[in-house]
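> My structure is in start-v4.pdb, and what it holds is PDB, C-alpha atoms (C1' of nucleotides):
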ATOM      1  CA  MET A 270      -7.694  28.202   8.416  1.00  0.00           C
ATOM      2  CA  ALA A 271      -6.085  25.952   5.850  1.00  0.00           C
ATOM      3  CA  ALA A 272      -6.399  22.249   6.446  1.00  0.00           C
ATOM      4  CA  VAL A 273      -2.637  21.846   6.733  1.00  0.00           C
ATOM      5  CA  ASP A 274      -2.309  24.460   9.493  1.00  0.00           C
ATOM      6  CA  GLN A 275      -5.289  22.991  11.262  1.00  0.00           C
ATOM      7  CA  ALA A 276      -3.701  19.549  11.211  1.00  0.00           C
ATOM      8  CA  ILE A 277      -0.415  20.848  12.572  1.00  0.00           C
ATOM      9  CA  ASP A 278      -2.266  22.648  15.341  1.00  0.00           C
ATOM     10  CA  SER A 279      -4.039  19.462  16.293  1.00  0.00           C
ATOM     11  CA  GLY A 280      -0.688  17.789  16.974  1.00  0.00           C
ATOM     12  CA  TYR A 281       0.329  16.408  13.617  1.00  0.00           C
ATOM     13  CA  ALA A 282       3.830  17.862  13.355  1.00  0.00           C
ATOM     14  CA  ALA A 283       5.776  16.143  10.572  1.00  0.00           C
ATOM     15  CA  ILE A 284       8.474  13.623  11.437  1.00  0.00           C
ATOM     16  CA  ALA A 285      11.955  14.883  10.485  1.00  0.00           C
ATOM     17  CA  ARG A 286      13.760  12.844   7.856  1.00  0.00           C
ATOM     18  CA  ALA A 287      16.738  12.537  10.197  1.00  0.00           C
ATOM     19  CA  ALA A 288      14.509  10.651  12.648  1.00  0.00           C
ATOM     20  CA  LEU A 289      13.826   7.840  10.170  1.00  0.00           C
ATOM     21  CA  PRO A 290      16.002   4.718  10.408  1.00  0.00           C
ATOM     22  CA  VAL A 291      17.846   4.434   7.083  1.00  0.00           C
ATOM     23  CA  ASP A 292      17.206   0.729   6.613  1.00  0.00           C
ATOM     24  CA  THR A 293      14.109  -0.720   5.005  1.00  0.00           C
ATOM     25  CA  VAL A 294      13.380  -3.460   7.530  1.00  0.00           C
ATOM     26  CA  LYS A 295      14.071  -1.219  10.528  1.00  0.00           C
ATOM     27  CA  LEU A 296      11.865   1.472   9.033  1.00  0.00           C
ATOM     28  CA  ALA A 297       9.024  -0.996   8.475  1.00  0.00           C
ATOM     29  CA  ARG A 298       9.059  -1.842  12.180  1.00  0.00           C
ATOM     30  CA  TRP A 299       9.597   1.763  13.240  1.00  0.00           C
ATOM     31  CA  LEU A 300       6.587   3.019  11.277  1.00  0.00           C
ATOM     32  CA  ILE A 301       4.187   0.899  13.320  1.00  0.00           C
ATOM     33  CA  GLY A 302       2.278   3.256  15.617  1.00  0.00           C
ATOM     34  CA  ARG A 303       3.077   6.390  13.550  1.00  0.00           C
ATOM     35  CA  ILE A 304       0.351   8.425  11.929  1.00  0.00           C
ATOM     36  CA  VAL A 305      -0.447   9.103   8.250  1.00  0.00           C
ATOM     37  CA  VAL A 306      -2.062  12.500   7.733  1.00  0.00           C
ATOM     38  CA  HIS A 307      -3.739  13.750   4.565  1.00  0.00           C
ATOM     39  CA  ALA A 308      -4.989  17.325   4.542  1.00  0.00           C
ATOM     40  CA  THR A 309      -7.707  17.570   1.896  1.00  0.00           C
ATOM     41  CA  ALA A 310     -10.112  20.299   0.871  1.00  0.00           C
ATOM     42  CA  ASP A 311     -12.779  18.395   2.800  1.00  0.00           C
ATOM     43  CA  GLY A 312     -10.719  18.264   5.983  1.00  0.00           C
ATOM     44  CA  VAL A 313      -8.047  16.166   7.635  1.00  0.00           C
ATOM     45  CA  LEU A 314      -7.990  12.395   7.180  1.00  0.00           C
ATOM     46  CA  SER A 315      -5.625  10.476   9.424  1.00  0.00           C
ATOM     47  CA  GLY A 316      -4.882   7.014  10.760  1.00  0.00           C
ATOM     48  CA  ARG A 317      -2.418   5.139  12.933  1.00  0.00           C
ATOM     49  CA  ILE A 318      -0.221   2.614  11.114  1.00  0.00           C
ATOM     50  CA  VAL A 319      -0.863  -0.901  12.430  1.00  0.00           C
ATOM     51  CA  GLU A 320       0.635  -3.026   9.632  1.00  0.00           C
ATOM     52  CA  THR A 321       3.592  -2.669   7.221  1.00  0.00           C
ATOM     53  CA  GLU A 322       5.738  -4.749   4.889  1.00  0.00           C
ATOM     54  CA  ALA A 323       9.398  -4.204   3.963  1.00  0.00           C
ATOM     55  CA  TYR A 324      10.594  -4.495   0.350  1.00  0.00           C
ATOM     56  CA  PRO A 325      14.360  -4.153   0.871  1.00  0.00           C
ATOM     57  CA  PRO A 326      17.048  -3.621  -1.818  1.00  0.00           C
ATOM     58  CA  GLY A 327      17.540  -6.674  -4.026  1.00  0.00           C
ATOM     59  CA  ASP A 328      14.170  -8.157  -3.082  1.00  0.00           C
ATOM     60  CA  ALA A 329      12.809 -10.078  -6.094  1.00  0.00           C
ATOM     61  CA  ALA A 330       9.269  -9.259  -4.944  1.00  0.00           C
ATOM     62  CA  GLY A 331       9.972  -5.515  -4.859  1.00  0.00           C
ATOM     63  CA  HIS A 332       9.067  -3.128  -7.652  1.00  0.00           C
ATOM     64  CA  ALA A 333      12.604  -1.746  -7.757  1.00  0.00           C
ATOM     65  CA  PHE A 334      14.150  -5.159  -8.480  1.00  0.00           C
ATOM     66  CA  ARG A 335      14.384  -4.645 -12.262  1.00  0.00           C
ATOM     67  CA  GLY A 336      15.810  -1.153 -11.998  1.00  0.00           C
ATOM     68  CA  ARG A 337      14.461   2.369 -12.092  1.00  0.00           C
ATOM     69  CA  THR A 338      11.487   3.041 -14.392  1.00  0.00           C
ATOM     70  CA  PRO A 339       8.968   5.909 -14.650  1.00  0.00           C
ATOM     71  CA  ARG A 340       6.550   4.075 -12.396  1.00  0.00           C
ATOM     72  CA  ASN A 341       8.878   3.109  -9.542  1.00  0.00           C
ATOM     73  CA  SER A 342      11.133   6.159  -9.690  1.00  0.00           C
ATOM     74  CA  THR A 343      10.045   7.430  -6.266  1.00  0.00           C
ATOM     75  CA  LEU A 344      11.415   4.309  -4.602  1.00  0.00           C
ATOM     76  CA  PHE A 345      14.879   5.636  -5.504  1.00  0.00           C
ATOM     77  CA  GLU A 346      14.342   8.995  -3.780  1.00  0.00           C
ATOM     78  CA  GLU A 347      15.638   9.942  -0.348  1.00  0.00           C
ATOM     79  CA  PRO A 348      13.870   8.123   2.513  1.00  0.00           C
ATOM     80  CA  GLY A 349      10.439   9.416   3.452  1.00  0.00           C
ATOM     81  CA  HIS A 350       8.826   9.959   0.050  1.00  0.00           C
ATOM     82  CA  ALA A 351       5.433   8.556  -0.928  1.00  0.00           C
ATOM     83  CA  TYR A 352       5.487   5.915  -3.651  1.00  0.00           C
ATOM     84  CA  VAL A 353       1.897   5.379  -4.823  1.00  0.00           C
ATOM     85  CA  TYR A 354       0.946   2.936  -7.565  1.00  0.00           C
ATOM     86  CA  LEU A 355      -2.158   1.261  -8.929  1.00  0.00           C
ATOM     87  CA  ALA A 356      -2.492  -2.493  -8.389  1.00  0.00           C
ATOM     88  CA  TYR A 357      -4.912  -4.723 -10.316  1.00  0.00           C
ATOM     89  CA  GLY A 358      -6.299  -1.677 -12.060  1.00  0.00           C
ATOM     90  CA  LEU A 359      -8.360  -0.629  -9.055  1.00  0.00           C
ATOM     91  CA  SER A 360      -6.413  -0.322  -5.792  1.00  0.00           C
ATOM     92  CA  PHE A 361      -3.776   2.255  -4.945  1.00  0.00           C
ATOM     93  CA  MET A 362      -0.895   1.198  -2.686  1.00  0.00           C
ATOM     94  CA  LEU A 363       0.973   3.594  -0.384  1.00  0.00           C
ATOM     95  CA  ASN A 364       4.686   3.037   0.246  1.00  0.00           C
ATOM     96  CA  VAL A 365       7.459   4.986   1.967  1.00  0.00           C
ATOM     97  CA  SER A 366      10.848   5.152   0.237  1.00  0.00           C
ATOM     98  CA  SER A 367      13.397   3.770   2.636  1.00  0.00           C
ATOM     99  CA  GLU A 368      17.020   3.863   1.449  1.00  0.00           C
ATOM    100  CA  PRO A 369      19.519   6.571   0.427  1.00  0.00           C
ATOM    101  CA  ALA A 370      18.910   8.311  -2.921  1.00  0.00           C
ATOM    102  CA  GLY A 371      19.682   6.001  -5.828  1.00  0.00           C
ATOM    103  CA  VAL A 372      18.817   2.811  -3.951  1.00  0.00           C
ATOM    104  CA  GLY A 373      15.367   1.418  -4.751  1.00  0.00           C
ATOM    105  CA  ALA A 374      13.418   0.110  -1.763  1.00  0.00           C
ATOM    106  CA  GLY A 375      10.301   0.856   0.216  1.00  0.00           C
ATOM    107  CA  VAL A 376       7.844   0.008   2.959  1.00  0.00           C
ATOM    108  CA  LEU A 377       4.231  -0.795   2.080  1.00  0.00           C
ATOM    109  CA  ILE A 378       1.605   0.553   4.483  1.00  0.00           C
ATOM    110  CA  ARG A 379      -0.959  -2.264   4.759  1.00  0.00           C
ATOM    111  CA  ALA A 380      -3.450  -1.098   7.376  1.00  0.00           C
ATOM    112  CA  LEU A 381      -4.466   1.912   9.465  1.00  0.00           C
ATOM    113  CA  GLU A 382      -6.588   2.473  12.515  1.00  0.00           C
ATOM    114  CA  PRO A 383      -8.835   5.422  11.509  1.00  0.00           C
ATOM    115  CA  LEU A 384      -8.354   8.508  13.687  1.00  0.00           C
ATOM    116  CA  GLU A 385      -9.627  11.730  12.151  1.00  0.00           C
ATOM    117  CA  GLY A 386     -12.165  12.264   9.373  1.00  0.00           C
ATOM    118  CA  ILE A 387     -14.013   9.021  10.004  1.00  0.00           C
ATOM    119  CA  ALA A 388     -17.316  10.324   8.618  1.00  0.00           C
ATOM    120  CA  ALA A 389     -15.566  11.276   5.369  1.00  0.00           C
ATOM    121  CA  MET A 390     -13.880   7.869   5.246  1.00  0.00           C
ATOM    122  CA  ARG A 391     -17.226   6.110   5.599  1.00  0.00           C
ATOM    123  CA  ARG A 392     -18.588   8.216   2.787  1.00  0.00           C
ATOM    124  CA  ARG A 393     -15.584   7.580   0.542  1.00  0.00           C
ATOM    125  CA  ARG A 394     -15.536   3.831   1.183  1.00  0.00           C
ATOM    126  CA  GLY A 395     -19.256   3.238   1.202  1.00  0.00           C
ATOM    127  CA  VAL A 396     -19.042   1.070   4.311  1.00  0.00           C
ATOM    128  CA  GLN A 397     -19.989   1.803   7.900  1.00  0.00           C
ATOM    129  CA  ALA A 398     -17.893  -0.669   9.906  1.00  0.00           C
ATOM    130  CA  LEU A 399     -15.000   1.199  11.480  1.00  0.00           C
ATOM    131  CA  ARG A 400     -12.872  -1.936  11.334  1.00  0.00           C
ATOM    132  CA  ASP A 401     -13.190  -2.202   7.540  1.00  0.00           C
ATOM    133  CA  LEU A 402     -12.442   1.415   6.626  1.00  0.00           C
ATOM    134  CA  ALA A 403      -8.651   1.101   6.304  1.00  0.00           C
ATOM    135  CA  ARG A 404      -7.929  -2.611   6.914  1.00  0.00           C
ATOM    136  CA  GLY A 405      -5.955  -3.446   3.758  1.00  0.00           C
ATOM    137  CA  PRO A 406      -3.559  -1.504   1.517  1.00  0.00           C
ATOM    138  CA  GLY A 407      -6.149  -0.648  -1.137  1.00  0.00           C
ATOM    139  CA  ARG A 408      -8.781   0.217   1.412  1.00  0.00           C
ATOM    140  CA  LEU A 409      -6.646   2.650   3.357  1.00  0.00           C
ATOM    141  CA  THR A 410      -5.755   4.638   0.247  1.00  0.00           C
ATOM    142  CA  ALA A 411      -9.438   4.806  -0.683  1.00  0.00           C
ATOM    143  CA  ALA A 412     -10.357   5.932   2.840  1.00  0.00           C
ATOM    144  CA  LEU A 413      -7.663   8.637   2.929  1.00  0.00           C
ATOM    145  CA  ALA A 414      -8.190   9.799  -0.678  1.00  0.00           C
ATOM    146  CA  ILE A 415      -4.671   8.815  -1.725  1.00  0.00           C
ATOM    147  CA  ASP A 416      -3.986   8.265  -5.433  1.00  0.00           C
ATOM    148  CA  ARG A 417      -1.194   8.541  -7.993  1.00  0.00           C
ATOM    149  CA  SER A 418      -1.308  12.334  -7.857  1.00  0.00           C
ATOM    150  CA  LEU A 419       0.440  12.010  -4.469  1.00  0.00           C
ATOM    151  CA  ASP A 420       3.269   9.872  -5.844  1.00  0.00           C
ATOM    152  CA  GLY A 421       6.588  11.533  -5.029  1.00  0.00           C
ATOM    153  CA  VAL A 422       5.272  13.690  -2.176  1.00  0.00           C
ATOM    154  CA  ASP A 423       7.750  14.316   0.649  1.00  0.00           C
ATOM    155  CA  LEU A 424       6.223  12.737   3.762  1.00  0.00           C
ATOM    156  CA  CYS A 425       8.614  14.639   6.022  1.00  0.00           C
ATOM    157  CA  ARG A 426       7.005  17.993   5.233  1.00  0.00           C
ATOM    158  CA  PRO A 427       3.551  19.039   6.404  1.00  0.00           C
ATOM    159  CA  GLY A 428       1.083  18.903   3.529  1.00  0.00           C
ATOM    160  CA  PRO A 429      -0.613  17.544   1.616  1.00  0.00           C
ATOM    161  CA  LEU A 430       0.400  14.115   2.864  1.00  0.00           C
ATOM    162  CA  TRP A 431       2.854  13.456   5.692  1.00  0.00           C
ATOM    163  CA  LEU A 432       3.913  11.294   8.638  1.00  0.00           C
ATOM    164  CA  ALA A 433       3.468  12.280  12.283  1.00  0.00           C
ATOM    165  CA  HIS A 434       4.471  10.755  15.595  1.00  0.00           C
ATOM    166  CA  GLY A 435       1.817   8.710  17.344  1.00  0.00           C
ATOM    167  CA  PRO A 436       0.899   8.442  21.014  1.00  0.00           C
ATOM    168  CA  ALA A 437       3.774   7.738  23.372  1.00  0.00           C
ATOM    169  CA  ASP A 438       2.660   4.194  24.113  1.00  0.00           C
ATOM    170  CA  VAL A 439       4.802   1.582  22.353  1.00  0.00           C
ATOM    171  CA  PRO A 440       2.716  -1.006  20.524  1.00  0.00           C
ATOM    172  CA  ASP A 441       3.349  -4.730  20.908  1.00  0.00           C
ATOM    173  CA  ILE A 442       4.767  -5.609  17.473  1.00  0.00           C
ATOM    174  CA  GLY A 443       4.536  -9.020  15.787  1.00  0.00           C
ATOM    175  CA  GLN A 444       6.535 -10.144  12.747  1.00  0.00           C
ATOM    176  CA  GLY A 445       5.825 -12.729  10.046  1.00  0.00           C
ATOM    177  CA  PRO A 446       5.762 -13.554   6.325  1.00  0.00           C
ATOM    178  CA  ARG A 447       4.434 -11.047   3.818  1.00  0.00           C
ATOM    179  CA  ILE A 448       1.011 -11.395   2.223  1.00  0.00           C
ATOM    180  CA  GLY A 449      -0.056 -11.820  -1.408  1.00  0.00           C
ATOM    181  CA  LEU A 450       3.334 -12.695  -2.896  1.00  0.00           C
ATOM    182  CA  SER A 451       4.470 -15.559  -5.106  1.00  0.00           C
ATOM    183  CA  TRP A 452       8.146 -14.706  -4.519  1.00  0.00           C
ATOM    184  CA  GLU A 453      10.274 -14.467  -1.405  1.00  0.00           C
ATOM    185  CA  VAL A 454       7.383 -15.558   0.759  1.00  0.00           C
ATOM    186  CA  GLU A 455       9.596 -17.139   3.384  1.00  0.00           C
ATOM    187  CA  ARG A 456      11.168 -13.953   4.712  1.00  0.00           C
ATOM    188  CA  PRO A 457       9.504 -12.433   7.805  1.00  0.00           C
ATOM    189  CA  LEU A 458       9.208  -8.878   6.497  1.00  0.00           C
ATOM    190  CA  ARG A 459       5.674  -8.074   7.627  1.00  0.00           C
ATOM    191  CA  PHE A 460       5.129  -6.182  10.882  1.00  0.00           C
ATOM    192  CA  HIS A 461       1.861  -5.650  12.740  1.00  0.00           C
ATOM    193  CA  VAL A 462       0.412  -4.607  16.064  1.00  0.00           C
ATOM    194  CA  ARG A 463      -0.370  -7.867  17.869  1.00  0.00           C
ATOM    195  CA  ASN A 464      -4.028  -8.797  18.276  1.00  0.00           C
ATOM    196  CA  ASN A 465      -5.176  -5.519  16.784  1.00  0.00           C
ATOM    197  CA  ARG A 466      -8.544  -5.586  15.043  1.00  0.00           C
ATOM    198  CA  PHE A 467      -7.504  -3.078  12.360  1.00  0.00           C
ATOM    199  CA  VAL A 468      -4.768  -5.350  10.960  1.00  0.00           C
ATOM    200  CA  SER A 469      -5.476  -7.201   7.671  1.00  0.00           C
ATOM    201  CA  GLY A 470      -4.851 -10.863   6.925  1.00  0.00           C
ATOM    202  CA  PRO A 471      -5.801 -14.127   8.639  1.00  0.00           C
ATOM    203  CA  LYS A 472      -6.168 -14.045  12.400  1.00  0.00           C
ATOM    204  CA  ALA A 473      -3.518 -16.715  12.887  1.00  0.00           C
ATOM    205  CA  LEU A 474      -0.884 -14.381  11.430  1.00  0.00           C
ATOM    206  CA  ASN A 475      -1.793 -11.493  13.680  1.00  0.00           C
ATOM    207  CA  ARG A 476      -0.869 -12.827  17.092  1.00  0.00           C
TER
ATOM    208  C1'  DA B 199       2.438  -2.109 -31.425  1.00  0.00           C
ATOM    209  C1'  DG B 200       0.692  -5.965 -28.924  1.00  0.00           C
ATOM    210  C1'  DT B 201       0.510  -8.768 -24.780  1.00  0.00           C
ATOM    211  C1'  DG B 202       0.278 -10.430 -19.985  1.00  0.00           C
ATOM    212  C1'  DC B 203      -0.226  -9.630 -15.353  1.00  0.00           C
ATOM    213  C1'  DG B 204      -0.141  -7.736 -10.487  1.00  0.00           C
ATOM    214  C1'  DA B 205       2.415  -5.894  -2.969  1.00  0.00           C
ATOM    215  C1'  DT B 206      -6.296  -6.422  -4.019  1.00  0.00           C
ATOM    216  C1'  DT B 207     -11.017  -6.102  -3.302  1.00  0.00           C
ATOM    217  C1'  DG B 208     -15.831  -7.249  -3.207  1.00  0.00           C
ATOM    218  C1'  DA B 209     -19.447 -10.229  -4.612  1.00  0.00           C
ATOM    219  C1'  DC B 210     -20.982 -14.671  -4.703  1.00  0.00           C
ATOM    220  C1'  DT B 211     -21.373 -20.360  -3.973  1.00  0.00           C
TER
ATOM    221  C1'  DG C   3     -14.014 -21.209  -0.072  1.00  0.00           C
ATOM    222  C1'  DT C   4     -13.822 -19.344  -5.463  1.00  0.00           C
ATOM    223  C1'  DC C   5     -13.553 -15.783  -9.019  1.00  0.00           C
ATOM    224  C1'  DA C   6     -14.052 -11.657 -12.010  1.00  0.00           C
ATOM    225  C1'  DA C   7     -13.068  -6.685 -12.370  1.00  0.00           C
ATOM    226  C1'  DT C   8      -9.842  -3.364 -14.402  1.00  0.00           C
ATOM    227  C1'  DC C   9      -5.736  -0.595 -16.232  1.00  0.00           C
ATOM    228  C1'  DG C  10      -1.041   1.216 -16.201  1.00  0.00           C
ATOM    229  C1'  DC C  11       3.069  -0.332 -17.419  1.00  0.00           C
ATOM    230  C1'  DA C  12       6.994  -3.396 -18.260  1.00  0.00           C
ATOM    231  C1'  DC C  13       8.354  -6.687 -21.447  1.00  0.00           C
ATOM    232  C1'  DT C  14       8.753  -8.877 -26.048  1.00  0.00           C
ATOM    233  C1'  DA C  15       9.118  -8.364 -31.094  1.00  0.00           C
TER
END
Would it be possible to restate this file's structure as structure tokens?

Amino acid sequence: MAAVDQAIDSGYAAIARAALPVDTVKLARWLIGRIVVHATADGVLSGRIVETEAYPPGDAAGHAFRGRTPRNSTLFEEPGHAYVYLAYGLSFMLNVSSEPAGVGAGVLIRALEPLEGIAAMRRRRGVQALRDLARGPGRLTAALAIDRSLDGVDLCRPGPLWLAHGPADVPDIGQGPRIGLSWEVERPLRFHVRNNRFVSGPKALNR
DNA sequence: AGTGCGATTGACT
DNA sequence: GTCAATCGCACTA
């Protein structure tokens, strides 16, 4: 059975685009607790989103701020597309486009709680500690085998990479300033599951 | 055509 | 706590 079908059978039905809030900040909060699924030739890799950051329209810290270019083009797609780029020459970042077509904005996925394919993630990352597999935006893309070849993929369709609903329980969500920016640092656009050990950043920010 | 740097990570003092 | 690695791409000329 193909990995995609297998993943759907195991409960990873894709989230419909109509279910996504069409607002970057609302989407950033809404994505907490949802699941990222990547069906690879080696099997399904998945994780629950525990940390996000919003990069809304007009945000000077956002990649879309200076207009549409070949690199950031996916940010201007309909909501629910994967914008993947390389940061610092070594880490890929996974974002979800978040505004109507033509408007450039997105949500950065910053941390996942590993769910399926943990052995493969350990192999890919070269670390054993479960907590460190996907705690950080560059780490989670390494763990889930996400790179630029997945830029532009529709996350609202099953395969190869998509979003699925999580468990029914509603996580306790905290909100604070974004991490790693020299601009716009004062706005509370980072969301995280409170006191969750899979969230990145200093402990003081995660309560 | 050349230059500077980033939504980070991992190794090291 | 500090700091180098590493490269695609946007910006300047």
> List, as a list in words, every residue that the PyMOL selection byres ((chain A) within 7 of (chain B)) selects in the file provided.
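Evaluating the PyMOL selection byres ((chain A) within 7 of (chain B)) on these coordinates yields Ala356, Tyr357, Ser360, Gly407, Gly449 and Leu450 of chain A.
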> Measuring between all atoms listed in the file, which one of A:Asn475, A:Ser418, A:Thr338, A:Ser366 shows the shortest distance to chain C?
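Among the listed residues, A:Thr338 lies closest to chain C.
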> I need the residue nearest DA12 (chain C) from this list: A:Arg394, A:Arg463, A:Lys472, A:Arg340. Use only C-alpha atoms (C1' of nucleotides) for the distance.
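Smallest separation from DA12 (chain C) among the options: A:Arg340.
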> Starting from chain A, keep only residues with some atom at most 12 Å from an atom of chain C, counting all atoms listed in the file, and report them as an MDAnalysis selection string.
chainID A and resid 332 335:341 354:361 417
> Would you export the selected residues with C-alpha atoms as a CSV table (one decimal), keeping the file's coordinate frame, please?

chain,number,residue,atom,x,y,z
A,332,HIS,CA,9.1,-3.1,-7.7
A,335,ARG,CA,14.4,-4.6,-12.3
A,336,GLY,CA,15.8,-1.2,-12.0
A,337,ARG,CA,14.5,2.4,-12.1
A,338,THR,CA,11.5,3.0,-14.4
A,339,PRO,CA,9.0,5.9,-14.6
A,340,ARG,CA,6.6,4.1,-12.4
A,341,ASN,CA,8.9,3.1,-9.5
A,354,TYR,CA,0.9,2.9,-7.6
A,355,LEU,CA,-2.2,1.3,-8.9
A,356,ALA,CA,-2.5,-2.5,-8.4
A,357,TYR,CA,-4.9,-4.7,-10.3
A,358,GLY,CA,-6.3,-1.7,-12.1
A,359,LEU,CA,-8.4,-0.6,-9.1
A,360,SER,CA,-6.4,-0.3,-5.8
A,361,PHE,CA,-3.8,2.3,-4.9
A,417,ARG,CA,-1.2,8.5,-8.0
> Decode the PyMOL selection byres ((chain A and resi 326) around 10) for the given file into explicit residues and return them as a list in words.
Asp292, Thr293, Ala323, Tyr324, Pro325, Gly327, Asp328, Ala329, Gly331, His332, Ala333, Phe334, Ser367, Glu368, Val372, Gly373, Ala374 and Gly375 of chain A
> I need the residues from that last selection saved to file as a compact mmCIF listing (two decimals), in the coordinates of the input (with C-alpha atoms), if you can.

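File result_15.txt, as written:
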# COMPACT_ATOMS: atom_id res chain seq x y z
CA ASP A 292 17.21 0.73 6.61
CA THR A 293 14.11 -0.72 5.00
CA ALA A 323 9.40 -4.20 3.96
CA TYR A 324 10.59 -4.50 0.35
CA PRO A 325 14.36 -4.15 0.87
CA GLY A 327 17.54 -6.67 -4.03
CA ASP A 328 14.17 -8.16 -3.08
CA ALA A 329 12.81 -10.08 -6.09
CA GLY A 331 9.97 -5.52 -4.86
CA HIS A 332 9.07 -3.13 -7.65
CA ALA A 333 12.60 -1.75 -7.76
CA PHE A 334 14.15 -5.16 -8.48
CA SER A 367 13.40 3.77 2.64
CA GLU A 368 17.02 3.86 1.45
CA VAL A 372 18.82 2.81 -3.95
CA GLY A 373 15.37 1.42 -4.75
CA ALA A 374 13.42 0.11 -1.76
CA GLY A 375 10.30 0.86 0.22
> Between CA of Leu381 (chain A) and CA of Arg404 (chain A), measure the distance and give it in Å to one decimal.
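Calculated distance between CA of Leu381 (chain A) and CA of Arg404 (chain A) is 6.2 Å.
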> Report, in Å to a single decimal, how far apart CA of Ala330 (chain A) and CA of Gly316 (chain A) are.
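Between CA of Gly316 (chain A) and CA of Ala330 (chain A) the gap is 26.7 Å.
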> For CA of Trp452 (chain A) and CA of Arg476 (chain A), quote the distance in Å rounded to one decimal.
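So the answer is 23.5 Å.
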> What residues come out when you apply the PyMOL selection byres ((chain A and resi 370) around 9) to this file, written as an MDAnalysis selection string?
chainID A and resid 344:348 368:369 371:373
> Could I get region 292-303 of chain A rebuilt with N, CA, C and O atoms, written as a compact mmCIF listing (two decimals), in the frame of the given file?

# COMPACT_ATOMS: atom_id res chain seq x y z
N ASP A 292 17.11 2.16 6.86
CA ASP A 292 17.21 0.73 6.61
C ASP A 292 15.77 0.26 6.45
O ASP A 292 14.92 0.54 7.29
N THR A 293 15.49 -0.42 5.34
CA THR A 293 14.11 -0.72 5.00
C THR A 293 13.39 -1.54 6.07
O THR A 293 12.26 -1.22 6.45
N VAL A 294 14.05 -2.59 6.56
CA VAL A 294 13.38 -3.46 7.53
C VAL A 294 13.19 -2.74 8.86
O VAL A 294 12.13 -2.82 9.49
N LYS A 295 14.21 -1.99 9.28
CA LYS A 295 14.07 -1.22 10.53
C LYS A 295 12.97 -0.19 10.41
O LYS A 295 12.19 0.03 11.34
N LEU A 296 12.90 0.46 9.23
CA LEU A 296 11.86 1.47 9.03
C LEU A 296 10.46 0.85 9.08
O LEU A 296 9.54 1.43 9.65
N ALA A 297 10.33 -0.34 8.48
CA ALA A 297 9.02 -1.00 8.48
C ALA A 297 8.54 -1.20 9.91
O ALA A 297 7.37 -0.97 10.23
N ARG A 298 9.43 -1.65 10.78
CA ARG A 298 9.06 -1.84 12.18
C ARG A 298 8.81 -0.51 12.88
O ARG A 298 7.87 -0.35 13.65
N TRP A 299 9.66 0.47 12.57
CA TRP A 299 9.60 1.76 13.24
C TRP A 299 8.31 2.52 12.91
O TRP A 299 7.80 3.29 13.72
N LEU A 300 7.79 2.29 11.71
CA LEU A 300 6.59 3.02 11.28
C LEU A 300 5.33 2.56 12.01
O LEU A 300 4.32 3.27 12.03
N ILE A 301 5.36 1.38 12.58
CA ILE A 301 4.19 0.90 13.32
C ILE A 301 3.90 1.86 14.48
O ILE A 301 4.78 2.19 15.27
N GLY A 302 2.65 2.33 14.55
CA GLY A 302 2.28 3.26 15.62
C GLY A 302 2.36 4.72 15.20
O GLY A 302 1.85 5.59 15.89
N ARG A 303 3.02 5.00 14.05
CA ARG A 303 3.08 6.39 13.55
C ARG A 303 1.76 6.71 12.84
O ARG A 303 0.96 5.83 12.57
